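Pasted below: structure22.txt, compact mmCIF, C-alpha atoms.
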```txt
# COMPACT_ATOMS: atom_id res chain seq x y z
CA MET A 1 78.13 -35.11 -155.24
CA SER A 2 79.45 -35.24 -151.68
CA LYS A 3 77.50 -36.98 -148.92
CA TRP A 4 78.54 -34.15 -146.61
CA PRO A 5 76.43 -30.99 -146.29
CA ARG A 6 77.77 -27.57 -147.23
CA LEU A 7 78.46 -26.26 -143.75
CA TYR A 8 79.67 -22.78 -142.84
CA ILE A 9 81.39 -22.79 -139.45
CA ASN A 10 82.19 -19.51 -137.72
CA SER A 11 84.91 -19.34 -135.11
CA PRO A 12 83.80 -18.63 -131.53
CA TRP A 13 86.33 -15.77 -131.61
CA ASN A 14 84.57 -14.12 -134.58
CA ARG A 15 87.75 -14.06 -136.63
CA LEU A 16 87.63 -17.04 -138.98
CA ALA A 17 85.11 -19.11 -140.89
CA LEU A 18 85.43 -22.56 -142.40
CA ILE A 19 83.50 -22.59 -145.64
CA PRO A 20 82.92 -25.14 -148.41
CA PRO A 21 85.49 -24.99 -151.24
CA GLU A 22 84.34 -22.64 -154.00
CA SER A 23 85.58 -21.93 -157.50
CA LYS A 24 86.42 -18.32 -156.66
CA ASP A 25 89.20 -19.61 -154.40
CA ASP A 26 90.84 -21.81 -157.04
CA ILE A 27 93.38 -19.14 -157.91
CA HIS A 28 94.29 -18.67 -154.24
CA VAL A 29 94.57 -22.40 -153.58
CA ALA A 30 96.82 -22.79 -156.62
CA ALA A 31 99.08 -20.02 -155.34
CA LEU A 32 99.14 -21.55 -151.84
CA ARG A 33 99.97 -25.02 -153.12
CA SER A 34 102.67 -23.66 -155.43
CA ASN A 35 104.43 -21.82 -152.60
CA PRO A 36 107.69 -23.63 -151.67
CA GLU A 37 107.17 -22.77 -147.99
CA THR A 38 103.70 -24.32 -147.98
CA ILE A 39 104.73 -27.63 -149.52
CA ARG A 40 108.13 -27.95 -147.85
CA TYR A 41 106.91 -30.81 -145.64
CA LEU A 42 104.57 -32.31 -148.25
CA PRO A 43 107.10 -33.70 -150.73
CA PHE A 44 104.61 -36.07 -152.34
CA LEU A 45 102.63 -33.11 -153.74
CA PRO A 46 103.45 -31.55 -157.12
CA ARG A 47 105.76 -28.56 -156.82
CA SER A 48 103.18 -26.34 -158.51
CA ILE A 49 99.57 -26.47 -159.62
CA THR A 50 97.45 -24.23 -161.83
CA PRO A 51 93.96 -22.99 -160.95
CA GLU A 52 92.51 -25.28 -163.63
CA GLU A 53 94.39 -28.29 -162.29
CA TRP A 54 93.13 -27.47 -158.82
CA ARG A 55 89.55 -27.12 -160.09
CA ILE A 56 89.72 -30.70 -161.38
CA LYS A 57 91.13 -31.93 -158.06
CA ARG A 58 88.57 -29.94 -156.06
CA GLU A 59 85.68 -31.43 -157.98
CA ALA A 60 87.10 -34.96 -157.66
CA ARG A 61 87.65 -34.56 -153.92
CA SER A 62 84.12 -33.26 -153.39
CA ALA A 63 82.73 -36.55 -154.67
CA LYS A 64 84.65 -38.68 -152.17
CA GLU A 65 82.89 -39.75 -148.99
CA GLU A 66 86.19 -40.09 -147.12
CA ILE A 67 87.04 -36.38 -147.59
CA TRP A 68 85.42 -33.28 -146.09
CA ASP A 69 87.27 -30.14 -147.18
CA PHE A 70 86.97 -26.58 -145.93
CA HIS A 71 88.55 -23.29 -146.90
CA ILE A 72 89.70 -20.97 -144.13
CA HIS A 73 88.62 -17.35 -144.50
CA PHE A 74 88.75 -14.27 -142.37
CA LEU A 75 85.27 -13.07 -141.54
CA SER A 76 84.70 -9.97 -143.63
CA GLN A 77 84.36 -7.61 -140.69
CA VAL A 78 87.79 -8.52 -139.31
CA ALA A 79 89.75 -9.12 -142.54
CA PRO A 80 93.11 -7.36 -142.06
CA ASP A 81 92.99 -5.82 -145.53
CA LYS A 82 89.60 -5.58 -147.17
CA SER A 83 91.21 -4.85 -150.55
CA ILE A 84 92.56 -8.41 -150.87
CA SER A 85 91.08 -11.88 -150.60
CA SER A 86 90.02 -13.10 -147.18
CA PHE A 87 91.33 -16.59 -148.08
CA VAL A 88 93.79 -17.89 -145.48
CA GLY A 89 94.22 -21.61 -146.25
CA GLN A 90 92.66 -25.04 -146.33
CA CYS A 91 91.76 -27.61 -143.70
CA GLY A 92 89.50 -30.58 -143.30
CA LEU A 93 89.20 -34.30 -142.74
CA ILE A 94 90.52 -37.10 -144.91
CA HIS A 95 90.42 -40.89 -144.61
CA ILE A 96 87.03 -40.56 -142.90
CA ASP A 97 85.93 -43.99 -141.67
CA THR A 98 82.46 -43.72 -140.16
CA ALA A 99 82.37 -47.42 -139.26
CA ASN A 100 85.45 -47.10 -137.06
CA ARG A 101 84.81 -43.42 -136.29
CA SER A 102 88.25 -42.26 -137.33
CA ALA A 103 89.69 -39.59 -139.60
CA GLU A 104 92.85 -37.63 -140.31
CA VAL A 105 93.14 -33.84 -140.09
CA GLY A 106 94.90 -31.87 -142.80
CA ILE A 107 95.74 -28.16 -142.87
CA VAL A 108 97.74 -25.73 -144.99
CA VAL A 109 97.86 -22.04 -144.12
CA SER A 110 99.40 -19.21 -146.09
CA PRO A 111 102.97 -18.57 -144.84
CA LYS A 112 101.90 -14.96 -144.30
CA TRP A 113 99.84 -16.16 -141.35
CA HIS A 114 102.26 -18.64 -139.80
CA ARG A 115 102.80 -18.10 -136.06
CA SER A 116 99.69 -15.90 -135.87
CA LYS A 117 97.37 -18.41 -134.09
CA ILE A 118 95.37 -18.70 -137.31
CA ALA A 119 96.31 -22.38 -137.63
CA SER A 120 95.49 -23.02 -133.96
CA GLU A 121 92.06 -21.45 -134.37
CA ALA A 122 91.35 -23.37 -137.60
CA LEU A 123 92.53 -26.63 -136.03
CA TYR A 124 90.33 -26.03 -132.99
CA MET A 125 87.33 -25.62 -135.31
CA THR A 126 88.26 -28.70 -137.36
CA LEU A 127 88.77 -30.89 -134.30
CA LYS A 128 85.56 -29.66 -132.71
CA HIS A 129 83.76 -30.52 -135.92
CA ALA A 130 85.35 -33.99 -136.02
CA PHE A 131 84.56 -34.90 -132.43
CA GLU A 132 81.23 -33.14 -131.95
CA TYR A 133 79.37 -32.96 -135.28
CA PRO A 134 76.46 -35.42 -134.94
CA ASP A 135 77.16 -37.29 -138.18
CA LEU A 136 80.84 -37.72 -137.32
CA LYS A 137 81.42 -38.07 -133.56
CA MET A 138 84.92 -39.36 -134.23
CA HIS A 139 86.55 -41.71 -131.73
CA ARG A 140 90.05 -41.12 -133.07
CA VAL A 141 91.61 -38.31 -135.08
CA GLN A 142 95.08 -38.52 -136.56
CA PHE A 143 97.75 -36.14 -137.85
CA THR A 144 100.54 -37.24 -140.19
CA THR A 145 103.57 -35.10 -140.97
CA ALA A 146 107.22 -35.20 -141.94
CA PRO A 147 109.76 -35.85 -139.14
CA ASP A 148 111.50 -32.52 -139.77
CA ASN A 149 108.29 -30.47 -139.59
CA VAL A 150 109.39 -29.08 -136.25
CA GLN A 151 106.71 -26.40 -136.08
CA MET A 152 103.80 -28.80 -136.55
CA ARG A 153 105.26 -31.47 -134.31
CA GLY A 154 105.97 -28.86 -131.63
CA TRP A 155 102.37 -27.65 -131.77
CA LEU A 156 101.04 -31.19 -131.38
CA GLU A 157 103.37 -32.10 -128.53
CA ASN A 158 102.82 -28.79 -126.75
CA TYR A 159 99.14 -29.71 -126.44
CA GLY A 160 99.90 -33.23 -125.27
CA ILE A 161 98.88 -34.95 -128.51
CA LYS A 162 100.49 -38.38 -128.57
CA MET A 163 102.98 -39.54 -131.18
CA GLU A 164 102.01 -43.08 -132.18
CA TYR A 165 104.39 -44.16 -134.87
CA ARG A 166 107.15 -43.45 -137.36
CA LEU A 167 106.80 -45.11 -140.76
CA ARG A 168 110.06 -45.69 -142.56
CA GLU A 169 110.35 -44.36 -146.11
CA ALA A 170 106.61 -43.76 -146.31
CA TRP A 171 106.66 -40.79 -148.69
CA VAL A 172 108.53 -40.03 -151.88
CA ASP A 173 110.75 -36.99 -151.33
CA GLY A 174 110.31 -35.47 -154.79
CA LYS A 175 114.03 -35.97 -155.49
CA GLY A 176 114.08 -39.65 -156.32
CA GLY A 177 114.29 -40.84 -152.72
CA TRP A 178 112.11 -41.46 -149.70
CA ILE A 179 111.41 -39.92 -146.30
CA ASP A 180 109.74 -41.19 -143.14
CA SER A 181 106.41 -39.95 -141.83
CA VAL A 182 105.28 -39.62 -138.22
CA GLY A 183 101.77 -39.99 -136.86
CA TYR A 184 100.00 -38.43 -133.87
CA SER A 185 96.50 -39.09 -132.60
CA ILE A 186 93.78 -37.78 -130.31
CA LEU A 187 91.07 -39.97 -128.79
CA GLU A 188 87.59 -38.74 -127.99
CA SER A 189 88.30 -39.23 -124.28
CA GLU A 190 91.23 -36.79 -124.65
CA TRP A 191 89.31 -34.16 -126.61
CA PRO A 192 87.64 -32.32 -123.66
CA ALA A 193 91.01 -31.56 -122.02
CA LEU A 194 92.60 -30.55 -125.32
CA LYS A 195 89.57 -28.41 -126.18
CA LYS A 196 89.92 -26.59 -122.86
CA LYS A 197 93.64 -25.96 -123.43
CA LEU A 198 93.03 -24.58 -126.89
CA GLU A 199 90.20 -22.35 -125.73
CA GLU A 200 92.32 -20.96 -122.90
CA LYS A 201 95.18 -20.22 -125.29
CA LEU A 202 92.99 -18.65 -127.94
CA ASN A 203 91.06 -16.64 -125.34
CA SER A 204 94.35 -15.21 -124.08
CA CYS A 205 95.33 -14.22 -127.61
CA GLY A 206 92.13 -12.85 -129.03
CA GLY A 207 89.41 -12.21 -126.50
CA GLN A 208 86.73 -14.44 -125.10
CA ALA A 209 84.93 -16.96 -127.23
CA ASN A 210 81.20 -16.80 -127.73
CA GLY A 211 79.28 -19.75 -126.33
```

Would it be possible to restate this file's structure as structure tokens?
Amino acid sequence: MSKWPRLYINSPWNRLALIPPESKDDIHVAALRSNPETIRYLPFLPRSITPEEWRIKREARSAKEEIWDFHIHFLSQVAPDKSISSFVGQCGLIHIDTANRSAEVGIVVSPKWHRSKIASEALYMTLKHAFEYPDLKMHRVQFTTAPDNVQMRGWLENYGIKMEYRLREAWVDGKGGWIDSVGYSILESEWPALKKKLEEKLNSCGGQANG
């Protein structure tokens, strides 16, 4: 059983919610993680996964203190199509180190919602949780991605998030070789300015936030 509570976090823009992983989403997670576009920059992951395989992984991850997973859903009243699932993707914190107050952010969003500000909104919520939740209060939050993930790296650099390192041949490439990884980080002293930038951008795209 996880040490972390089952939190439900609504977006200030009343569009998204971060919810605890649930079995009803296993089929959607399996489809997401079997989509070539989703895993293009995650070559160390299996190329496909079944709902049952994901159930086993989900249950194993929920028992780990260094992981806090969320599923991204549209709030029911604003779901674009109420006849289909409101599931959008996954996000959360991994490598949580409460002693050193550090963690890494992970996110995967359905390709259908790429370039729609969904990822920005979910990342805002995840970062706010990391830096402001009383039992976390992270000092440092990290992102790791592939060097050729231009979209993710562009997002990070556009918001002034600092690149710290490039690790040579850090990940298997799924083809018998290796690729580098690159790391970016945000410090708690940098979070207020980044938070303001994100809120301004999301306000301009989807109305004013609540609170």

Could you check which of A:Ser189, A:Ser23, A:Ser181, A:Gln90 is closest to Thr38 in chain A, using all atoms listed in the file?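 Closest candidate: A:Gln90.
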
Residue among A:Leu75, A:Val182, A:Ala17, A:Leu156 lying closest to Ala170 in chain A, counting only C-alpha atoms: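 Using only C-alpha atoms, Ala170 in chain A sits closest to A:Val182.
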
Return the single residue from A:Leu167, A:Ile49, A:Ile72, A:Met138 that is closest to Ala31 in chain A, with distances computed using only C-alpha atoms.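 The closest residue to Ala31 in chain A is A:Ile49.
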
Give me, please, the distance in Å between CA of Arg166 in chain A and CA of Lys197 in chain A, quoted to one decimal.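 Atom-to-atom, CA of Arg166 in chain A and CA of Lys197 in chain A are spaced 26.1 Å apart.
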
So how far away is CA of Met125 in chain A from CA of Leu18 in chain A, in Å?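 Interatomic distance, CA of Leu18 in chain A to CA of Met125 in chain A: 8.0 Å.
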
All residues 7 Å or closer to Ile67 in chain A, all atoms listed in the file, same chain fewer than 6 positions away omitted, as a list of chain:residue names: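 Result of the neighbour search: A:Arg61, A:Leu93, A:Ile94, A:His95, A:Ile96.
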
Extract, using all atoms listed in the file, all DNA, RNA and protein residues at most 12 Å from Leu202 in chain A, discarding same-chain residues fewer than 5 positions from it, and format them as a list of chain:residue names. A:Ser11, A:Pro12, A:Trp13, A:Asn14, A:Arg15, A:Ser116, A:Lys117, A:Ile118, A:Ala119, A:Ser120, A:Glu121, A:Ala122, A:Leu123, A:Tyr124, A:Met125, A:Lys195, A:Lys196, A:Lys197, A:Gly207, A:Gln208, A:Ala209, A:Asn210

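Distance-wise, CA of Leu187 in chain A and CA of Val105 in chain A end up 13.0 Å apart.
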